[in-house]
$ cat run38.cif   # mmCIF, C-alpha atoms and all ligand atoms
data_upload
loop_
_atom_site.group_PDB
_atom_site.id
_atom_site.type_symbol
_atom_site.label_atom_id
_atom_site.label_comp_id
_atom_site.auth_asym_id
_atom_site.auth_seq_id
_atom_site.Cartn_x
_atom_site.Cartn_y
_atom_site.Cartn_z
ATOM 1 C CA MET A 1 0.000 0.000 0.000
ATOM 2 C CA ALA A 2 1.267 3.448 -0.876
ATOM 3 C CA GLU A 3 2.649 5.692 1.850
ATOM 4 C CA ILE A 4 3.086 9.481 1.812
ATOM 5 C CA ARG A 5 5.924 11.530 3.284
ATOM 6 C CA ILE A 6 5.563 15.291 3.386
ATOM 7 C CA ARG A 7 9.068 16.718 3.022
ATOM 8 C CA ASN A 8 8.449 19.959 4.966
ATOM 9 C CA THR A 9 7.204 18.322 8.129
ATOM 10 C CA GLU A 10 8.399 14.687 7.811
ATOM 11 C CA GLN A 11 4.761 13.775 8.377
ATOM 12 C CA ARG A 12 3.864 10.300 7.091
ATOM 13 C CA ILE A 13 0.425 9.251 5.934
ATOM 14 C CA SER A 14 -0.453 5.576 5.633
ATOM 15 C CA GLY A 15 -3.581 3.432 5.327
ATOM 16 C CA GLU A 16 -5.483 3.201 2.054
ATOM 17 C CA GLU A 17 -8.260 5.675 2.948
ATOM 18 C CA ASN A 18 -5.881 8.293 4.389
ATOM 19 C CA VAL A 19 -3.548 8.010 1.416
ATOM 20 C CA ARG A 20 -6.410 8.224 -1.043
ATOM 21 C CA ALA A 21 -7.924 11.243 0.734
ATOM 22 C CA PHE A 22 -4.592 13.073 0.850
ATOM 23 C CA LEU A 23 -3.827 12.353 -2.805
ATOM 24 C CA GLU A 24 -7.348 13.401 -3.786
ATOM 25 C CA SER A 25 -6.753 16.735 -2.031
ATOM 26 C CA GLN A 26 -3.670 17.084 -4.255
ATOM 27 C CA GLU A 27 -5.606 16.043 -7.384
ATOM 28 C CA VAL A 28 -3.532 12.863 -7.734
ATOM 29 C CA LEU A 29 -5.501 9.740 -8.683
ATOM 30 C CA TYR A 30 -4.806 6.710 -6.515
ATOM 31 C CA GLU A 31 -6.284 3.278 -7.067
ATOM 32 C CA HIS A 32 -5.373 -0.266 -6.162
ATOM 33 C CA TRP A 33 -5.110 -3.496 -8.164
ATOM 34 C CA ASN A 34 -4.794 -6.979 -6.706
ATOM 35 C CA ALA A 35 -1.025 -7.633 -6.816
ATOM 36 C CA GLY A 36 -1.703 -11.279 -5.966
ATOM 37 C CA LYS A 37 -3.349 -11.826 -9.367
ATOM 38 C CA LEU A 38 0.051 -11.895 -11.031
ATOM 39 C CA ALA A 39 1.687 -15.318 -11.494
ATOM 40 C CA ALA A 40 3.989 -15.934 -8.516
ATOM 41 C CA GLU A 41 7.124 -16.199 -10.693
ATOM 42 C CA LEU A 42 6.467 -12.711 -12.098
ATOM 43 C CA GLN A 43 5.972 -11.031 -8.723
ATOM 44 C CA ASN A 44 9.704 -10.844 -8.145
ATOM 45 C CA LYS A 45 11.138 -10.772 -11.667
ATOM 46 C CA PHE A 46 12.622 -7.576 -13.068
ATOM 47 C CA VAL A 47 14.195 -8.729 -16.314
ATOM 48 C CA LEU A 48 11.313 -9.676 -18.583
ATOM 49 C CA THR A 49 10.925 -11.243 -21.984
ATOM 50 C CA ASP A 50 8.324 -9.816 -24.373
ATOM 51 C CA GLU A 51 6.218 -12.860 -23.619
ATOM 52 C CA GLU A 52 6.330 -12.170 -19.875
ATOM 53 C CA LYS A 53 5.419 -8.517 -20.473
ATOM 54 C CA GLY A 54 2.459 -9.770 -22.499
ATOM 55 C CA GLN A 55 1.503 -12.076 -19.649
ATOM 56 C CA ILE A 56 1.453 -9.152 -17.193
ATOM 57 C CA LEU A 57 -0.689 -7.049 -19.550
ATOM 58 C CA ALA A 58 -3.050 -10.013 -20.042
ATOM 59 C CA THR A 59 -3.330 -10.553 -16.284
ATOM 60 C CA TYR A 60 -4.471 -6.964 -15.772
ATOM 61 C CA ASP A 61 -6.366 -6.598 -19.032
ATOM 62 C CA ALA A 62 -9.715 -5.859 -17.341
ATOM 63 C CA GLU A 63 -8.159 -3.294 -14.949
ATOM 64 C CA ILE A 64 -6.246 -1.609 -17.778
ATOM 65 C CA ARG A 65 -9.299 -1.393 -20.037
ATOM 66 C CA ASP A 66 -11.464 -0.080 -17.209
ATOM 67 C CA LEU A 67 -8.938 2.661 -16.431
ATOM 68 C CA ALA A 68 -8.437 3.427 -20.130
ATOM 69 C CA GLU A 69 -12.163 3.732 -20.723
ATOM 70 C CA ARG A 70 -12.685 6.052 -17.760
ATOM 71 C CA ARG A 71 -9.677 8.273 -18.461
ATOM 72 C CA GLY A 72 -9.092 8.136 -22.185
ATOM 73 C CA TYR A 73 -5.810 6.207 -22.420
ATOM 74 C CA ARG A 74 -5.224 4.686 -25.815
ATOM 75 C CA THR A 75 -1.926 2.808 -25.508
ATOM 76 C CA TRP A 76 -0.095 1.005 -22.723
ATOM 77 C CA ASP A 77 3.099 -0.906 -22.184
ATOM 78 C CA ILE A 78 5.340 -2.384 -19.504
ATOM 79 C CA VAL A 79 8.461 -0.766 -18.119
ATOM 80 C CA ALA A 80 10.956 -2.845 -16.107
ATOM 81 C CA LEU A 81 13.968 -1.340 -14.329
ATOM 82 C CA SER A 82 16.615 -2.966 -12.160
ATOM 83 C CA ASP A 83 20.376 -3.115 -11.759
ATOM 84 C CA ALA A 84 20.310 -5.291 -14.898
ATOM 85 C CA THR A 85 19.080 -2.259 -16.898
ATOM 86 C CA PRO A 86 21.986 -0.826 -18.910
ATOM 87 C CA ASN A 87 23.013 2.634 -17.630
ATOM 88 C CA LEU A 88 20.544 2.524 -14.731
ATOM 89 C CA ASP A 89 22.482 5.180 -12.787
ATOM 90 C CA GLU A 90 22.464 7.531 -15.762
ATOM 91 C CA LEU A 91 18.780 6.901 -16.316
ATOM 92 C CA LEU A 92 17.975 7.631 -12.675
ATOM 93 C CA LYS A 93 19.993 10.831 -12.811
ATOM 94 C CA LYS A 94 17.918 11.877 -15.807
ATOM 95 C CA PHE A 95 14.677 10.961 -14.010
ATOM 96 C CA GLU A 96 15.551 12.875 -10.860
ATOM 97 C CA ASN A 97 14.750 16.313 -12.205
ATOM 98 C CA VAL A 98 11.487 18.065 -11.486
ATOM 99 C CA HIS A 99 9.447 18.308 -14.678
ATOM 100 C CA THR A 100 5.935 18.478 -16.082
ATOM 101 C CA HIS A 101 4.052 16.842 -18.952
ATOM 102 C CA THR A 102 1.134 17.922 -21.106
ATOM 103 C CA GLU A 103 -0.684 14.708 -20.208
ATOM 104 C CA ASP A 104 -0.992 12.859 -16.932
ATOM 105 C CA GLU A 105 1.628 10.293 -15.925
ATOM 106 C CA VAL A 106 0.030 6.986 -15.007
ATOM 107 C CA ARG A 107 1.833 4.068 -13.443
ATOM 108 C CA ALA A 108 0.412 0.802 -12.128
ATOM 109 C CA ILE A 109 3.107 -1.005 -10.168
ATOM 110 C CA THR A 110 3.032 -4.771 -10.723
ATOM 111 C CA ALA A 111 6.308 -5.693 -8.947
ATOM 112 C CA GLY A 112 8.948 -3.954 -6.859
ATOM 113 C CA ARG A 113 8.747 -0.410 -5.524
ATOM 114 C CA GLY A 114 9.043 3.144 -6.753
ATOM 115 C CA ILE A 115 8.563 6.670 -5.571
ATOM 116 C CA PHE A 116 6.968 9.774 -7.031
ATOM 117 C CA ILE A 117 8.105 13.130 -5.702
ATOM 118 C CA ILE A 118 5.331 15.634 -6.370
ATOM 119 C CA LYS A 119 4.913 19.366 -5.804
ATOM 120 C CA GLY A 120 1.763 19.744 -3.711
ATOM 121 C CA THR A 121 -0.359 22.746 -2.875
ATOM 122 C CA ASP A 122 1.419 25.730 -1.235
ATOM 123 C CA ASP A 123 0.498 24.602 2.293
ATOM 124 C CA VAL A 124 1.968 21.110 1.669
ATOM 125 C CA GLY A 125 5.032 21.624 -0.523
ATOM 126 C CA TYR A 126 6.852 18.639 -1.977
ATOM 127 C CA PHE A 127 5.743 15.190 -0.904
ATOM 128 C CA ASP A 128 6.820 11.610 -1.667
ATOM 129 C CA VAL A 129 4.472 8.828 -2.664
ATOM 130 C CA GLU A 130 6.124 5.482 -1.970
ATOM 131 C CA LEU A 131 4.538 2.852 -4.160
ATOM 132 C CA GLU A 132 4.504 -0.929 -4.141
ATOM 133 C CA ALA A 133 2.927 -3.676 -6.231
ATOM 134 C CA GLY A 134 -0.799 -3.067 -6.678
ATOM 135 C CA ASP A 135 -0.571 0.723 -6.392
ATOM 136 C CA VAL A 136 -1.920 2.759 -9.312
ATOM 137 C CA ILE A 137 -1.183 6.468 -9.514
ATOM 138 C CA SER A 138 -1.839 9.270 -11.964
ATOM 139 C CA VAL A 139 0.028 12.561 -11.610
ATOM 140 C CA PRO A 140 -2.043 15.231 -13.395
ATOM 141 C CA GLU A 141 -0.768 17.098 -16.441
ATOM 142 C CA HIS A 142 1.268 20.228 -15.635
ATOM 143 C CA LYS A 143 1.935 19.094 -12.032
ATOM 144 C CA PRO A 144 5.677 19.258 -11.232
ATOM 145 C CA HIS A 145 7.098 15.862 -10.206
ATOM 146 C CA PHE A 146 9.723 13.236 -10.810
ATOM 147 C CA PHE A 147 9.922 9.492 -10.370
ATOM 148 C CA THR A 148 12.719 7.370 -9.014
ATOM 149 C CA LEU A 149 13.409 3.938 -7.604
ATOM 150 C CA MET A 150 13.642 3.050 -3.932
ATOM 151 C CA GLU A 151 16.565 1.338 -2.180
ATOM 152 C CA ASN A 152 15.950 -2.038 -3.803
ATOM 153 C CA ARG A 153 16.167 -0.411 -7.275
ATOM 154 C CA GLN A 154 13.660 -2.769 -8.830
ATOM 155 C CA ILE A 155 10.318 -2.060 -10.435
ATOM 156 C CA VAL A 156 7.875 -3.300 -13.053
ATOM 157 C CA ALA A 157 4.980 -1.013 -13.976
ATOM 158 C CA VAL A 158 2.264 -0.608 -16.564
ATOM 159 C CA ARG A 159 2.352 2.822 -18.257
ATOM 160 C CA LEU A 160 -0.738 4.196 -19.964
ATOM 161 C CA PHE A 161 -0.790 7.035 -22.468
ATOM 162 C CA ILE A 162 -3.317 9.188 -24.257
ATOM 163 C CA GLU A 163 -0.723 10.271 -26.824
ATOM 164 C CA THR A 164 2.813 8.999 -26.418
ATOM 165 C CA GLU A 165 4.095 12.394 -27.614
ATOM 166 C CA GLY A 166 2.265 14.001 -24.678
ATOM 167 C CA TRP A 167 4.674 12.374 -22.292
ATOM 168 C CA ILE A 168 7.727 14.457 -23.183
ATOM 169 C CA ALA A 169 9.263 15.917 -19.998
ATOM 170 C CA HIS A 170 9.430 19.696 -19.678
ATOM 171 C CA PRO A 171 12.015 20.735 -17.066
ATOM 172 C CA TYR A 172 10.544 22.736 -14.191
ATOM 173 C CA ALA A 173 13.067 24.976 -12.452
ATOM 174 C CA ASP A 174 11.824 25.593 -8.926
ATOM 175 C CA ALA A 175 13.571 27.622 -6.225
ATOM 176 C CA GLN A 176 11.197 26.009 -3.728
ATOM 177 C CA PHE A 177 12.223 22.451 -4.544
ATOM 178 C CA GLN A 178 13.025 20.478 -1.397
ATOM 179 C CA SER A 179 15.647 17.925 -2.278
ATOM 180 C CA LYS A 180 15.068 15.861 0.889
HETATM 181 FE FE FE B 201 7.205 12.486 -15.425
#
$ encode --input "run38.cif" --output "structure tokens"
Amino acid sequence: MAEIRIRNTEQRISGEENVRAFLESQEVLYEHWNAGKLAAELQNKFVLTDEEKGQILATYDAEIRDLAERRGYRTWDIVALSDATPNLDELLKKFENVHTHTEDEVRAITAGRGIFIIKGTDDVGYFDVELEAGDVISVPEHKPHFFTLMENRQIVAVRLFIETEGWIAHPYADAQFQSK
């Protein structure tokens, strides 16, 4: 289950209803899929063949189509990152810059963990959303954020897009950014 950390105050928010309510107040969509639906051998596998990626998409086909129908996504794929990913450190360095997109950024975590750092309302400031398998998040368009891995540096997620071109990152220089 996702957990929130507010960087200004070190306050943590946990429990599905609390997390959902907080994220709703920040206009971030949060939903939950059954992580246990995935075949056991794929729940802890971070280097995937195309066939295994297809198996994950097939497992969550109903959830993906439901989300796509409600929110207008037209394409989806699987992203897998781990220490086996070539140039992972470089990639992470690239990720770890606050930016915006012209469409929302949707991730459904199917294995591993990841973290979104998001700029909240003025009274909240930057906050972290720590995600694990089953967590589904959508960061709205134009909302400053970045994504990175957690200590275990392993994740598999479904990405959904309205237009793949809409997902280009626009750097967001912010004097108020809280790096910790
Ligand atoms: Fe992004």
$ residues_near_ligand --input "run38.cif" --ligand "ligand FE 201 (chain B)" --cutoff "8 Å" --atoms "only C-alpha atoms and all ligand atoms" --output "MDAnalysis selection string"
chainID A and resid 95 99:101 105 145:147 167 169
$ write_last_selection --input "run38.cif" --atoms "C-alpha atoms" --output "short mmCIF file (atom, residue, chain, number, x, y, z; two decimals), in the frame of the given file"
data_model
loop_
_atom_site.label_atom_id
_atom_site.label_comp_id
_atom_site.auth_asym_id
_atom_site.auth_seq_id
_atom_site.Cartn_x
_atom_site.Cartn_y
_atom_site.Cartn_z
CA PHE A 95 14.68 10.96 -14.01
CA HIS A 99 9.45 18.31 -14.68
CA THR A 100 5.94 18.48 -16.08
CA HIS A 101 4.05 16.84 -18.95
CA GLU A 105 1.63 10.29 -15.92
CA HIS A 145 7.10 15.86 -10.21
CA PHE A 146 9.72 13.24 -10.81
CA PHE A 147 9.92 9.49 -10.37
CA TRP A 167 4.67 12.37 -22.29
CA ALA A 169 9.26 15.92 -20.00
#
$ resolve_selection --input "run38.cif" --expression "the PyMOL selection byres (((chain A and resi 127) around 12) and not hetatm)" --output "number ranges by chain"
A: 3-13, 19, 22-23, 26, 28, 115-126, 128-130, 144-147, 177-180
$ closest_residue --input "run38.cif" --among "A:Pro86, A:Thr102, A:Ala39, A:Val139" --to "Glu165 of chain A" --atoms "only C-alpha atoms"
A:Thr102
$ resolve_selection --input "run38.cif" --expression "the PyMOL selection byres (((chain A and resi 34) around 10) and not hetatm)" --output "mmCIF file with C-alpha atoms, keeping the file's coordinate frame"
data_model
loop_
_atom_site.group_PDB
_atom_site.id
_atom_site.type_symbol
_atom_site.label_atom_id
_atom_site.label_comp_id
_atom_site.auth_asym_id
_atom_site.auth_seq_id
_atom_site.Cartn_x
_atom_site.Cartn_y
_atom_site.Cartn_z
ATOM 1 C CA HIS A 32 -5.373 -0.266 -6.162
ATOM 2 C CA TRP A 33 -5.110 -3.496 -8.164
ATOM 3 C CA ALA A 35 -1.025 -7.633 -6.816
ATOM 4 C CA GLY A 36 -1.703 -11.279 -5.966
ATOM 5 C CA LYS A 37 -3.349 -11.826 -9.367
ATOM 6 C CA LEU A 38 0.051 -11.895 -11.031
ATOM 7 C CA TYR A 60 -4.471 -6.964 -15.772
ATOM 8 C CA GLU A 63 -8.159 -3.294 -14.949
ATOM 9 C CA THR A 110 3.032 -4.771 -10.723
ATOM 10 C CA ALA A 133 2.927 -3.676 -6.231
ATOM 11 C CA GLY A 134 -0.799 -3.067 -6.678
ATOM 12 C CA ASP A 135 -0.571 0.723 -6.392
#
$ closest_residue --input "run38.cif" --among "A:Val47, A:Ile64, A:Ala40, A:Leu131" --to "Ser14 of chain A" --atoms "all atoms listed in the file"
A:Leu131
